[in-house]
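File shown here: data-v1.txt, holding compact mmCIF, C-alpha atoms and all ligand atoms.
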```txt
# COMPACT_ATOMS: atom_id res chain seq x y z
CA MET A 1 -98.98 -12.08 -127.28
CA GLU A 2 -95.26 -11.83 -127.65
CA PHE A 3 -93.10 -12.08 -130.77
CA THR A 4 -89.51 -12.97 -129.95
CA TYR A 5 -86.14 -12.49 -131.61
CA GLU A 6 -83.42 -15.12 -132.01
CA ASP A 7 -79.91 -13.76 -132.24
CA LEU A 8 -78.85 -16.08 -135.10
CA THR A 9 -76.36 -15.49 -137.86
CA ALA A 10 -77.45 -16.46 -141.39
CA ASP A 11 -75.16 -19.53 -141.16
CA GLU A 12 -76.74 -20.66 -137.88
CA TYR A 13 -80.20 -20.13 -139.35
CA HIS A 14 -79.39 -22.26 -142.43
CA HIS A 15 -77.76 -24.89 -140.21
CA ARG A 16 -80.96 -25.20 -138.16
CA VAL A 17 -83.06 -25.42 -141.33
CA ALA A 18 -80.77 -28.21 -142.59
CA VAL A 19 -81.10 -30.09 -139.28
CA TYR A 20 -84.84 -29.79 -138.68
CA GLN A 21 -86.35 -29.84 -142.17
CA PRO A 22 -85.39 -33.51 -142.77
CA LEU A 23 -86.65 -34.48 -139.28
CA THR A 24 -90.04 -32.93 -140.00
CA ALA A 25 -90.17 -34.48 -143.47
CA ALA A 26 -89.41 -37.90 -141.99
CA LEU A 27 -92.18 -37.50 -139.42
CA ARG A 28 -94.61 -36.40 -142.12
CA GLU A 29 -93.75 -39.61 -144.02
CA LEU A 30 -94.38 -41.53 -140.80
CA LEU A 31 -97.85 -39.96 -140.38
CA ASP A 32 -98.73 -41.03 -143.91
CA ALA A 33 -97.29 -44.53 -143.37
CA VAL A 34 -99.30 -45.00 -140.14
CA ILE A 35 -102.54 -44.19 -141.97
CA ARG A 36 -101.82 -46.44 -144.93
CA THR A 37 -99.91 -49.40 -143.49
CA GLU A 38 -101.27 -52.94 -143.72
CA VAL A 39 -98.40 -54.76 -142.02
CA ASP A 40 -99.02 -57.43 -139.33
CA ASP A 41 -99.72 -56.64 -135.66
CA ALA A 42 -96.22 -57.58 -134.49
CA THR A 43 -94.69 -55.05 -136.86
CA VAL A 44 -97.12 -52.38 -135.62
CA HIS A 45 -96.23 -53.17 -131.95
CA SER A 46 -92.54 -53.02 -132.73
CA ALA A 47 -92.95 -49.71 -134.60
CA THR A 48 -94.88 -48.28 -131.63
CA GLU A 49 -91.99 -49.11 -129.28
CA THR A 50 -89.42 -47.64 -131.65
CA ILE A 51 -91.42 -44.43 -131.99
CA SER A 52 -91.72 -44.16 -128.18
CA GLU A 53 -87.94 -44.45 -127.90
CA VAL A 54 -87.42 -41.71 -130.48
CA THR A 55 -89.92 -39.49 -128.66
CA ALA A 56 -88.10 -40.03 -125.34
CA ALA A 57 -84.77 -39.13 -126.99
CA LEU A 58 -86.18 -35.85 -128.33
CA ARG A 59 -87.85 -35.04 -125.00
CA ALA A 60 -84.50 -35.22 -123.18
CA GLN A 61 -84.19 -31.46 -123.71
CA GLN A 62 -87.32 -29.41 -124.44
CA ILE A 63 -88.66 -25.88 -124.23
CA PRO A 64 -91.49 -25.54 -121.70
CA GLY A 65 -94.33 -24.65 -124.08
CA ALA A 66 -95.12 -23.93 -127.71
CA TYR A 67 -92.41 -22.76 -130.11
CA GLY A 68 -93.69 -19.19 -130.45
CA VAL A 69 -93.26 -16.80 -133.33
CA ARG A 70 -89.62 -15.87 -133.58
CA HIS A 71 -87.68 -13.67 -135.97
CA THR A 72 -83.97 -13.46 -136.55
CA ALA A 73 -82.31 -10.08 -136.12
CA GLU A 74 -82.30 -9.82 -139.94
CA GLY A 75 -86.10 -10.16 -139.95
CA ARG A 76 -86.35 -13.77 -141.14
CA GLY A 77 -89.60 -15.28 -139.91
CA MET A 78 -89.24 -18.44 -137.79
CA ALA A 79 -92.82 -19.49 -137.11
CA TRP A 80 -91.50 -23.05 -137.02
CA GLY A 81 -94.28 -24.46 -134.86
CA ASN A 82 -97.03 -22.86 -136.97
CA ALA A 83 -99.90 -25.21 -137.85
CA VAL A 84 -99.82 -24.32 -141.55
CA ILE A 85 -96.29 -23.19 -142.40
CA GLY A 86 -94.23 -24.53 -139.47
CA LEU A 87 -90.87 -25.90 -140.57
CA ARG A 88 -90.76 -28.10 -137.44
CA ASN A 89 -94.43 -29.04 -137.54
CA ALA A 90 -95.17 -32.33 -139.29
CA ILE A 91 -98.91 -31.76 -139.20
CA ALA A 92 -98.44 -28.53 -141.19
CA PRO A 93 -99.04 -29.51 -144.85
CA PRO A 94 -96.49 -27.62 -145.18
CA LEU A 95 -97.56 -24.56 -147.05
CA THR A 96 -95.09 -22.14 -148.59
CA VAL A 97 -96.79 -18.88 -149.49
CA VAL A 98 -95.09 -17.02 -152.31
CA ARG A 99 -95.77 -13.30 -152.06
CA GLY A 100 -95.48 -11.07 -155.10
CA SER A 101 -96.31 -7.39 -155.19
CA VAL A 102 -99.41 -6.00 -153.49
CA THR A 103 -100.33 -4.39 -156.82
CA ASP A 104 -100.32 -7.72 -158.73
CA PRO A 105 -103.81 -9.13 -159.48
CA VAL A 106 -102.67 -12.34 -157.71
CA VAL A 107 -100.68 -10.95 -154.79
CA ALA A 108 -99.74 -14.30 -153.28
CA HIS A 109 -100.06 -17.96 -154.10
CA ALA A 110 -99.26 -21.32 -152.59
CA ASP A 111 -98.89 -24.75 -154.20
CA VAL A 112 -99.29 -27.73 -151.94
CA GLU A 113 -99.85 -31.45 -152.23
CA LEU A 114 -102.19 -32.94 -149.64
CA GLY A 115 -102.05 -36.65 -148.85
CA ALA A 116 -103.94 -39.12 -146.69
CA ALA A 117 -103.48 -37.09 -143.47
CA TYR A 118 -105.78 -34.33 -144.75
CA GLU A 119 -108.76 -36.45 -145.78
CA GLY A 120 -112.34 -35.55 -144.95
CA PRO A 121 -114.82 -36.99 -147.48
CA PRO A 122 -113.35 -40.13 -149.12
CA GLY A 123 -110.37 -39.15 -151.25
CA HIS A 124 -111.03 -35.46 -150.68
CA VAL A 125 -109.68 -32.66 -148.52
CA HIS A 126 -111.31 -32.04 -145.12
CA GLY A 127 -113.31 -28.79 -145.12
CA GLY A 128 -111.48 -27.57 -142.01
CA VAL A 129 -108.17 -28.08 -143.77
CA VAL A 130 -109.43 -26.03 -146.73
CA SER A 131 -110.27 -23.28 -144.25
CA LEU A 132 -106.88 -23.61 -142.53
CA LEU A 133 -105.02 -23.11 -145.80
CA PHE A 134 -107.18 -20.15 -146.80
CA ASP A 135 -106.68 -18.49 -143.40
CA GLN A 136 -102.92 -18.45 -143.81
CA VAL A 137 -102.82 -17.33 -147.45
CA LEU A 138 -105.46 -14.63 -146.89
CA GLY A 139 -103.67 -13.47 -143.73
CA GLU A 140 -100.39 -13.14 -145.57
CA ALA A 141 -102.08 -11.31 -148.46
CA ALA A 142 -103.80 -8.93 -146.03
CA SER A 143 -100.53 -8.30 -144.21
CA MET A 144 -98.92 -7.26 -147.50
CA THR A 145 -100.79 -3.97 -147.21
CA GLY A 146 -98.28 -3.11 -144.50
CA LEU A 147 -100.00 -4.14 -141.27
CA PRO A 148 -99.73 -7.65 -139.85
CA SER A 149 -103.30 -8.67 -139.12
CA TYR A 150 -105.36 -11.29 -137.33
CA THR A 151 -108.37 -13.05 -138.76
CA GLY A 152 -111.58 -11.30 -137.71
CA THR A 153 -114.00 -13.14 -139.98
CA LEU A 154 -113.44 -15.92 -142.49
CA THR A 155 -116.08 -17.08 -144.97
CA ILE A 156 -115.56 -20.08 -147.23
CA ARG A 157 -117.73 -21.10 -150.16
CA TYR A 158 -117.16 -24.77 -150.90
CA LEU A 159 -118.11 -25.10 -154.57
CA ARG A 160 -117.16 -28.75 -155.11
CA PRO A 161 -115.16 -31.37 -153.22
CA THR A 162 -111.40 -30.75 -153.42
CA PRO A 163 -109.56 -33.99 -154.28
CA LEU A 164 -106.45 -34.96 -152.32
CA GLY A 165 -103.31 -34.28 -154.36
CA PRO A 166 -101.82 -31.09 -155.74
CA LEU A 167 -103.73 -27.85 -155.38
CA ARG A 168 -103.07 -24.13 -155.64
CA ILE A 169 -104.38 -21.18 -153.66
CA GLU A 170 -104.35 -17.71 -155.17
CA ALA A 171 -104.99 -14.53 -153.19
CA PHE A 172 -106.19 -11.40 -154.95
CA THR A 173 -105.53 -7.71 -154.34
CA PRO A 174 -106.50 -6.94 -150.73
CA GLU A 175 -108.53 -3.85 -149.86
CA ARG A 176 -107.30 -1.99 -146.79
CA ASP A 177 -109.43 0.45 -144.82
CA GLY A 178 -107.50 1.68 -141.80
CA ARG A 179 -106.79 -1.30 -139.52
CA LYS A 180 -109.18 -3.55 -141.46
CA THR A 181 -108.24 -5.41 -144.65
CA LEU A 182 -110.56 -7.47 -146.83
CA ALA A 183 -108.80 -10.32 -148.62
CA ARG A 184 -110.13 -12.82 -151.15
CA ALA A 185 -108.71 -16.07 -152.48
CA ALA A 186 -109.55 -19.11 -154.58
CA MET A 187 -108.51 -22.76 -154.35
CA LEU A 188 -107.79 -24.42 -157.68
CA VAL A 189 -107.26 -28.01 -158.80
CA ASP A 190 -106.09 -28.43 -162.39
CA GLY A 191 -107.08 -24.81 -163.01
CA ALA A 192 -110.70 -25.29 -161.81
CA VAL A 193 -111.90 -23.45 -158.69
CA THR A 194 -113.10 -25.79 -155.91
CA ALA A 195 -113.54 -23.19 -153.14
CA GLU A 196 -113.51 -19.44 -152.64
CA ALA A 197 -112.77 -17.49 -149.47
CA GLU A 198 -113.17 -13.99 -148.14
CA GLY A 199 -111.63 -12.81 -144.90
CA LEU A 200 -111.67 -9.63 -142.86
CA PHE A 201 -108.30 -9.19 -141.21
CA ILE A 202 -107.79 -6.68 -138.43
CA SER A 203 -104.57 -5.26 -137.17
CA PRO A 204 -104.63 -4.80 -133.39
CA ARG A 205 -104.09 -1.25 -132.19
CA GLY A 206 -100.39 -0.35 -131.89
CA MET A 207 -99.14 -3.09 -134.25
CA THR A 208 -95.85 -2.09 -135.89
CA PRO A 209 -96.32 -1.55 -139.65
CA LEU A 210 -94.32 -3.72 -142.03
CA HIS A 211 -92.72 -2.48 -145.19
CA PRO A 212 -94.50 -3.97 -148.20
CA PHE A 213 -92.60 -7.17 -148.88
CA ALA A 214 -92.26 -9.94 -151.40
CA GLY A 215 -90.83 -13.40 -150.93
CA GLU A 216 -91.78 -16.63 -149.24
CA SER A 217 -93.32 -17.34 -145.86
CA ARG A 218 -91.34 -19.35 -143.25
C1 LIG B 301 -89.85 -9.78 -143.23
C2 LIG B 301 -90.94 -9.97 -142.20
C3 LIG B 301 -92.09 -10.80 -142.71
C4 LIG B 301 -93.23 -10.81 -141.74
C5 LIG B 301 -94.38 -11.48 -142.38
C6 LIG B 301 -95.55 -11.35 -141.53
C7 LIG B 301 -96.65 -11.96 -142.23
C8 LIG B 301 -97.77 -12.07 -141.30
C9 LIG B 301 -98.68 -13.05 -141.86
C10 LIG B 301 -99.74 -13.34 -140.89
C11 LIG B 301 -100.59 -14.41 -141.44
C12 LIG B 301 -101.52 -14.86 -140.38
C13 LIG B 301 -102.52 -15.83 -140.90
C14 LIG B 301 -103.25 -16.50 -139.80
C15 LIG B 301 -104.06 -15.53 -138.99
C16 LIG B 301 -104.66 -16.13 -137.78
O1 LIG B 301 -104.95 -17.30 -137.71
S1 LIG B 301 -104.94 -15.07 -136.47
C17 LIG B 301 -105.75 -16.10 -135.28
C18 LIG B 301 -107.24 -16.04 -135.33
N1 LIG B 301 -107.72 -14.70 -135.00
C19 LIG B 301 -107.72 -14.25 -133.74
O2 LIG B 301 -107.35 -14.93 -132.79
C20 LIG B 301 -108.21 -12.85 -133.55
C21 LIG B 301 -108.86 -12.68 -132.21
N2 LIG B 301 -109.48 -11.35 -132.12
C22 LIG B 301 -108.74 -10.29 -131.75
O3 LIG B 301 -107.56 -10.38 -131.38
C23 LIG B 301 -109.42 -8.96 -131.80
O4 LIG B 301 -110.80 -9.16 -131.73
C24 LIG B 301 -109.10 -8.19 -133.12
C25 LIG B 301 -109.46 -9.02 -134.37
C26 LIG B 301 -107.59 -7.84 -133.14
C27 LIG B 301 -109.91 -6.92 -133.17
O5 LIG B 301 -109.74 -6.28 -131.93
P1 LIG B 301 -109.71 -4.69 -131.82
O6 LIG B 301 -108.57 -4.15 -132.58
O7 LIG B 301 -109.80 -4.36 -130.38
O8 LIG B 301 -111.07 -4.36 -132.57
P2 LIG B 301 -111.99 -3.08 -132.41
O9 LIG B 301 -111.15 -1.86 -132.16
O10 LIG B 301 -113.09 -3.39 -131.48
O11 LIG B 301 -112.62 -3.01 -133.86
C28 LIG B 301 -111.92 -2.46 -134.98
C29 LIG B 301 -112.82 -2.60 -136.17
O12 LIG B 301 -112.86 -3.99 -136.57
C30 LIG B 301 -114.20 -4.52 -136.49
N3 LIG B 301 -114.09 -5.86 -135.94
C31 LIG B 301 -113.54 -6.23 -134.77
N4 LIG B 301 -113.54 -7.56 -134.65
C32 LIG B 301 -114.13 -8.05 -135.76
C33 LIG B 301 -114.40 -9.36 -136.23
N5 LIG B 301 -114.07 -10.45 -135.51
N6 LIG B 301 -115.00 -9.50 -137.44
C34 LIG B 301 -115.32 -8.41 -138.17
N7 LIG B 301 -115.07 -7.14 -137.78
C35 LIG B 301 -114.48 -6.97 -136.59
C36 LIG B 301 -114.95 -3.57 -135.58
O13 LIG B 301 -116.33 -3.58 -135.88
C37 LIG B 301 -114.29 -2.25 -135.92
O14 LIG B 301 -114.79 -1.77 -137.13
P3 LIG B 301 -115.02 -0.16 -137.35
O15 LIG B 301 -115.96 0.26 -136.27
O16 LIG B 301 -113.65 0.46 -137.21
O17 LIG B 301 -115.59 -0.06 -138.74
```
Using the file provided, produce a representation of the structure as structure tokens.
Ligand SMILES: CCCCCCCCCCCCCCCC(=O)SCCNC(=O)CCNC(=O)[C@H](O)C(C)(C)COP(=O)(O)OP(=O)(O)OC[C@H]1O[C@@H](n2cnc3c(N)ncnc32)[C@H](O)[C@@H]1OP(=O)(O)O
Amino acid sequence: MEFTYEDLTADEYHHRVAVYQPLTAALRELLDAVIRTEVDDATVHSATETISEVTAALRAQQIPGAYGVRHTAEGRGMAWGNAVIGLRNAIAPPLTVVRGSVTDPVVAHADVELGAAYEGPPGHVHGGVVSLLFDQVLGEAASMTGLPSYTGTLTIRYLRPTPLGPLRIEAFTPERDGRKTLARAAMLVDGAVTAEAEGLFISPRGMTPLHPFAGESR
């Protein structure tokens, strides 16, 4: 697995954010519209053709595979294809994880609003999506102990169905033991817990330690 660096100035970085964030937001709107539309067949056929044309235009110049996990020389994370936080990924909710201090009782949190694209049970969030969100927030909380870590084991306790709409995830103080870190988190809707998660995160041998950090993912 390779993490790459992009030699971007801060201005170039912000320029790319300004270019791609609206594109991703527009596509996210499109995903929602496709699920909820009730227009006639001719309009659907016409929309399909238009979308194919847009896709062809974007494919005119492409990288060969996935986006990868890139960082700027200043250390800004650019996991822009990431399934949960990717700035260029319209299927990412998107989640912005706000990290505080590793000594805070809630070390990290994320607020997100999930719409029709994340449905499992009627009107409620798919269980796999709940797990997806927890994985990212727990992983970021675990990595705040100084070692970036991969998920070894993830256990979710689904206490009640989580309705689509706004929700919050809070991660609590992680417990590090060498290369292993235990992280816990809760999912809340209107202040009531709908699910709890516990994950064991393991840092592969030889992983470069991070300085403890605060801020936002992406
Ligand atoms: C300014 C810059 C900002 C940067 C900001 C960065 C933020 C960064 C945020 C990242 C946020 C990511 C959030 C998403 C995280 C994913 O989604 S990661 C993707 C899913 N996970 C994977 O693909 C992991 C796949 N597995 C592996 O790569 C390897 O099995 C692992 C997990 C690295 C472990 O391999 P290993 O190091 O060779 O393990 P090994 O030496 O055999 O065992 C070490 C210890 O762990 C235990 N262990 C090993 N595997 C497991 C397991 N699966 N379960 C439980 N225990 C295990 C062993 O029993 C052993 O325990 P002890 O005997 O020491 O007590």
(request) Please check which protein, DNA or RNA residues sit within 8 Å of ligand LIG 301 (chain B), counting only C-alpha atoms and all ligand atoms, and write them as a PyMOL selection string. (result) chain A and resi 71+75-77+135-144+148-153+178-180+200-205+210+213+217
Can you check which parts of range 57-141 of chain A lie within 8 Å of range 28-46 of chain A? Per residue, the shortest pair of atoms and distance in Å to one decimal, counting all atoms listed in the file, sorted by chain and number, as CSV.
```
residue,atom,partner,partner_atom,distance
A:Ala90,CA,A:Arg28,CA,5.0
A:Ile91,CA,A:Arg28,CA,7.0
A:Gly115,CA,A:Asp32,CA,7.4
A:Ala116,CA,A:Asp32,CA,6.2
A:Ala117,CA,A:Asp32,CA,6.2
```
(message) Set the distance at 8 Å and use all atoms listed in the file: which residues neighbour range 8-25 of chain A once local chain neighbours fewer than 4 positions away are removed? I'd like the list as number ranges by chain.
(response) A: 29, 72-73, 87-90
(message) Using all atoms listed in the file - which residues lie no farther than 12 Å from the point (-107.8, -24.5, -143.6) in the file's frame? Write them as number ranges by chain.
(response) A: 83-85, 92-95, 114, 118, 125-139, 154-156, 158, 169, 187, 195-197
(message) When you count all atoms listed in the file, which of these residues is closest to Gly206 in chain A: A:Leu147, A:Leu27, A:Tyr67, A:His124?
(response)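 Checking each candidate against Gly206 in chain A, we get A:Leu147 as the closest.
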(request) Could you tell me how far CA of Leu167 in chain A lies from CA of Asp190 in chain A, in Å and to one decimal? (result) 7.4 Å
(message) What does the structure give for the distance between CA of Arg168 in chain A and CA of Gly199 in chain A, in Å to one decimal?
(response) 17.8 Å
(request) Give as a PyMOL selection string each residue that has an atom at most 6 Å from (-111.7, -26.9, -157.1) in the file, counting all atoms listed in the file. (result) chain A and resi 162+187-189+192-195
For those residues, write C-alpha atoms to a file as a short mmCIF file (atom, residue, chain, number, x, y, z; two decimals), in the coordinates of the input.
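out11.cif written:
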```
data_model
loop_
_atom_site.label_atom_id
_atom_site.label_comp_id
_atom_site.auth_asym_id
_atom_site.auth_seq_id
_atom_site.Cartn_x
_atom_site.Cartn_y
_atom_site.Cartn_z
CA THR A 162 -111.40 -30.75 -153.42
CA MET A 187 -108.51 -22.76 -154.35
CA LEU A 188 -107.79 -24.42 -157.68
CA VAL A 189 -107.26 -28.01 -158.80
CA ALA A 192 -110.70 -25.29 -161.81
CA VAL A 193 -111.90 -23.45 -158.69
CA THR A 194 -113.10 -25.79 -155.91
CA ALA A 195 -113.54 -23.19 -153.14
#
```
(message) So that I can see what lies close to Thr103 in chain A, please list as a list in words the residues with an atom at most 10 Å from it, counting all atoms listed in the file and leaving out residues fewer than 2 positions away in the same chain.
(response)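 Result of the neighbour search: Gly100, Ser101, Pro105, Val106, Val107, Met144, Thr145, Phe172, Thr173 and Pro174 of chain A.
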When you get a chance, write out N, CA and C atoms for range 41-68 of chain A, as a CSV table (one decimal), in the coordinates of the input.
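Full text of part36.csv as output:
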```
chain,number,residue,atom,x,y,z
A,41,ASP,N,-99.6,-57.3,-137.0
A,41,ASP,CA,-99.7,-56.6,-135.7
A,41,ASP,C,-98.3,-56.5,-135.0
A,42,ALA,N,-97.5,-57.6,-135.1
A,42,ALA,CA,-96.2,-57.6,-134.5
A,42,ALA,C,-95.4,-56.4,-135.0
A,43,THR,N,-95.5,-56.2,-136.3
A,43,THR,CA,-94.7,-55.0,-136.9
A,43,THR,C,-95.2,-53.7,-136.3
A,44,VAL,N,-96.5,-53.6,-136.2
A,44,VAL,CA,-97.1,-52.4,-135.6
A,44,VAL,C,-96.7,-52.2,-134.2
A,45,HIS,N,-96.7,-53.3,-133.4
A,45,HIS,CA,-96.2,-53.2,-132.0
A,45,HIS,C,-94.8,-52.7,-131.9
A,46,SER,N,-94.0,-53.3,-132.7
A,46,SER,CA,-92.5,-53.0,-132.7
A,46,SER,C,-92.3,-51.6,-133.1
A,47,ALA,N,-93.1,-51.1,-134.2
A,47,ALA,CA,-93.0,-49.7,-134.6
A,47,ALA,C,-93.4,-48.8,-133.5
A,48,THR,N,-94.4,-49.1,-132.7
A,48,THR,CA,-94.9,-48.3,-131.6
A,48,THR,C,-93.8,-48.1,-130.6
A,49,GLU,N,-93.1,-49.2,-130.3
A,49,GLU,CA,-92.0,-49.1,-129.3
A,49,GLU,C,-90.9,-48.2,-129.8
A,50,THR,N,-90.5,-48.4,-131.1
A,50,THR,CA,-89.4,-47.6,-131.6
A,50,THR,C,-89.8,-46.2,-131.6
A,51,ILE,N,-91.0,-45.8,-132.0
A,51,ILE,CA,-91.4,-44.4,-132.0
A,51,ILE,C,-91.4,-43.9,-130.6
A,52,SER,N,-91.8,-44.6,-129.6
A,52,SER,CA,-91.7,-44.2,-128.2
A,52,SER,C,-90.3,-43.9,-127.8
A,53,GLU,N,-89.4,-44.7,-128.2
A,53,GLU,CA,-87.9,-44.4,-127.9
A,53,GLU,C,-87.4,-43.2,-128.5
A,54,VAL,N,-87.8,-42.9,-129.8
A,54,VAL,CA,-87.4,-41.7,-130.5
A,54,VAL,C,-88.0,-40.5,-129.8
A,55,THR,N,-89.3,-40.6,-129.4
A,55,THR,CA,-89.9,-39.5,-128.7
A,55,THR,C,-89.2,-39.2,-127.4
A,56,ALA,N,-88.8,-40.2,-126.6
A,56,ALA,CA,-88.1,-40.0,-125.3
A,56,ALA,C,-86.7,-39.3,-125.6
A,57,ALA,N,-86.1,-39.7,-126.7
A,57,ALA,CA,-84.8,-39.1,-127.0
A,57,ALA,C,-84.9,-37.6,-127.3
A,58,LEU,N,-86.0,-37.3,-128.0
A,58,LEU,CA,-86.2,-35.8,-128.3
A,58,LEU,C,-86.7,-35.1,-127.1
A,59,ARG,N,-87.4,-35.7,-126.2
A,59,ARG,CA,-87.8,-35.0,-125.0
A,59,ARG,C,-86.8,-34.8,-124.0
A,60,ALA,N,-85.6,-35.4,-124.2
A,60,ALA,CA,-84.5,-35.2,-123.2
A,60,ALA,C,-84.2,-33.7,-122.9
A,61,GLN,N,-84.4,-32.9,-123.9
A,61,GLN,CA,-84.2,-31.5,-123.7
A,61,GLN,C,-85.3,-30.7,-124.5
A,62,GLN,N,-86.2,-30.0,-123.8
A,62,GLN,CA,-87.3,-29.4,-124.4
A,62,GLN,C,-87.5,-28.0,-123.9
A,63,ILE,N,-88.2,-27.2,-124.7
A,63,ILE,CA,-88.7,-25.9,-124.2
A,63,ILE,C,-90.0,-26.1,-123.5
A,64,PRO,N,-90.3,-25.2,-122.5
A,64,PRO,CA,-91.5,-25.5,-121.7
A,64,PRO,C,-92.8,-25.5,-122.4
A,65,GLY,N,-93.0,-24.7,-123.4
A,65,GLY,CA,-94.3,-24.6,-124.1
A,65,GLY,C,-94.2,-24.7,-125.6
A,66,ALA,N,-95.1,-24.0,-126.2
A,66,ALA,CA,-95.1,-23.9,-127.7
A,66,ALA,C,-93.9,-23.2,-128.2
A,67,TYR,N,-93.6,-23.3,-129.5
A,67,TYR,CA,-92.4,-22.8,-130.1
A,67,TYR,C,-92.4,-21.2,-130.1
A,68,GLY,N,-93.6,-20.7,-130.4
A,68,GLY,CA,-93.7,-19.2,-130.4
A,68,GLY,C,-93.4,-18.7,-131.9
```
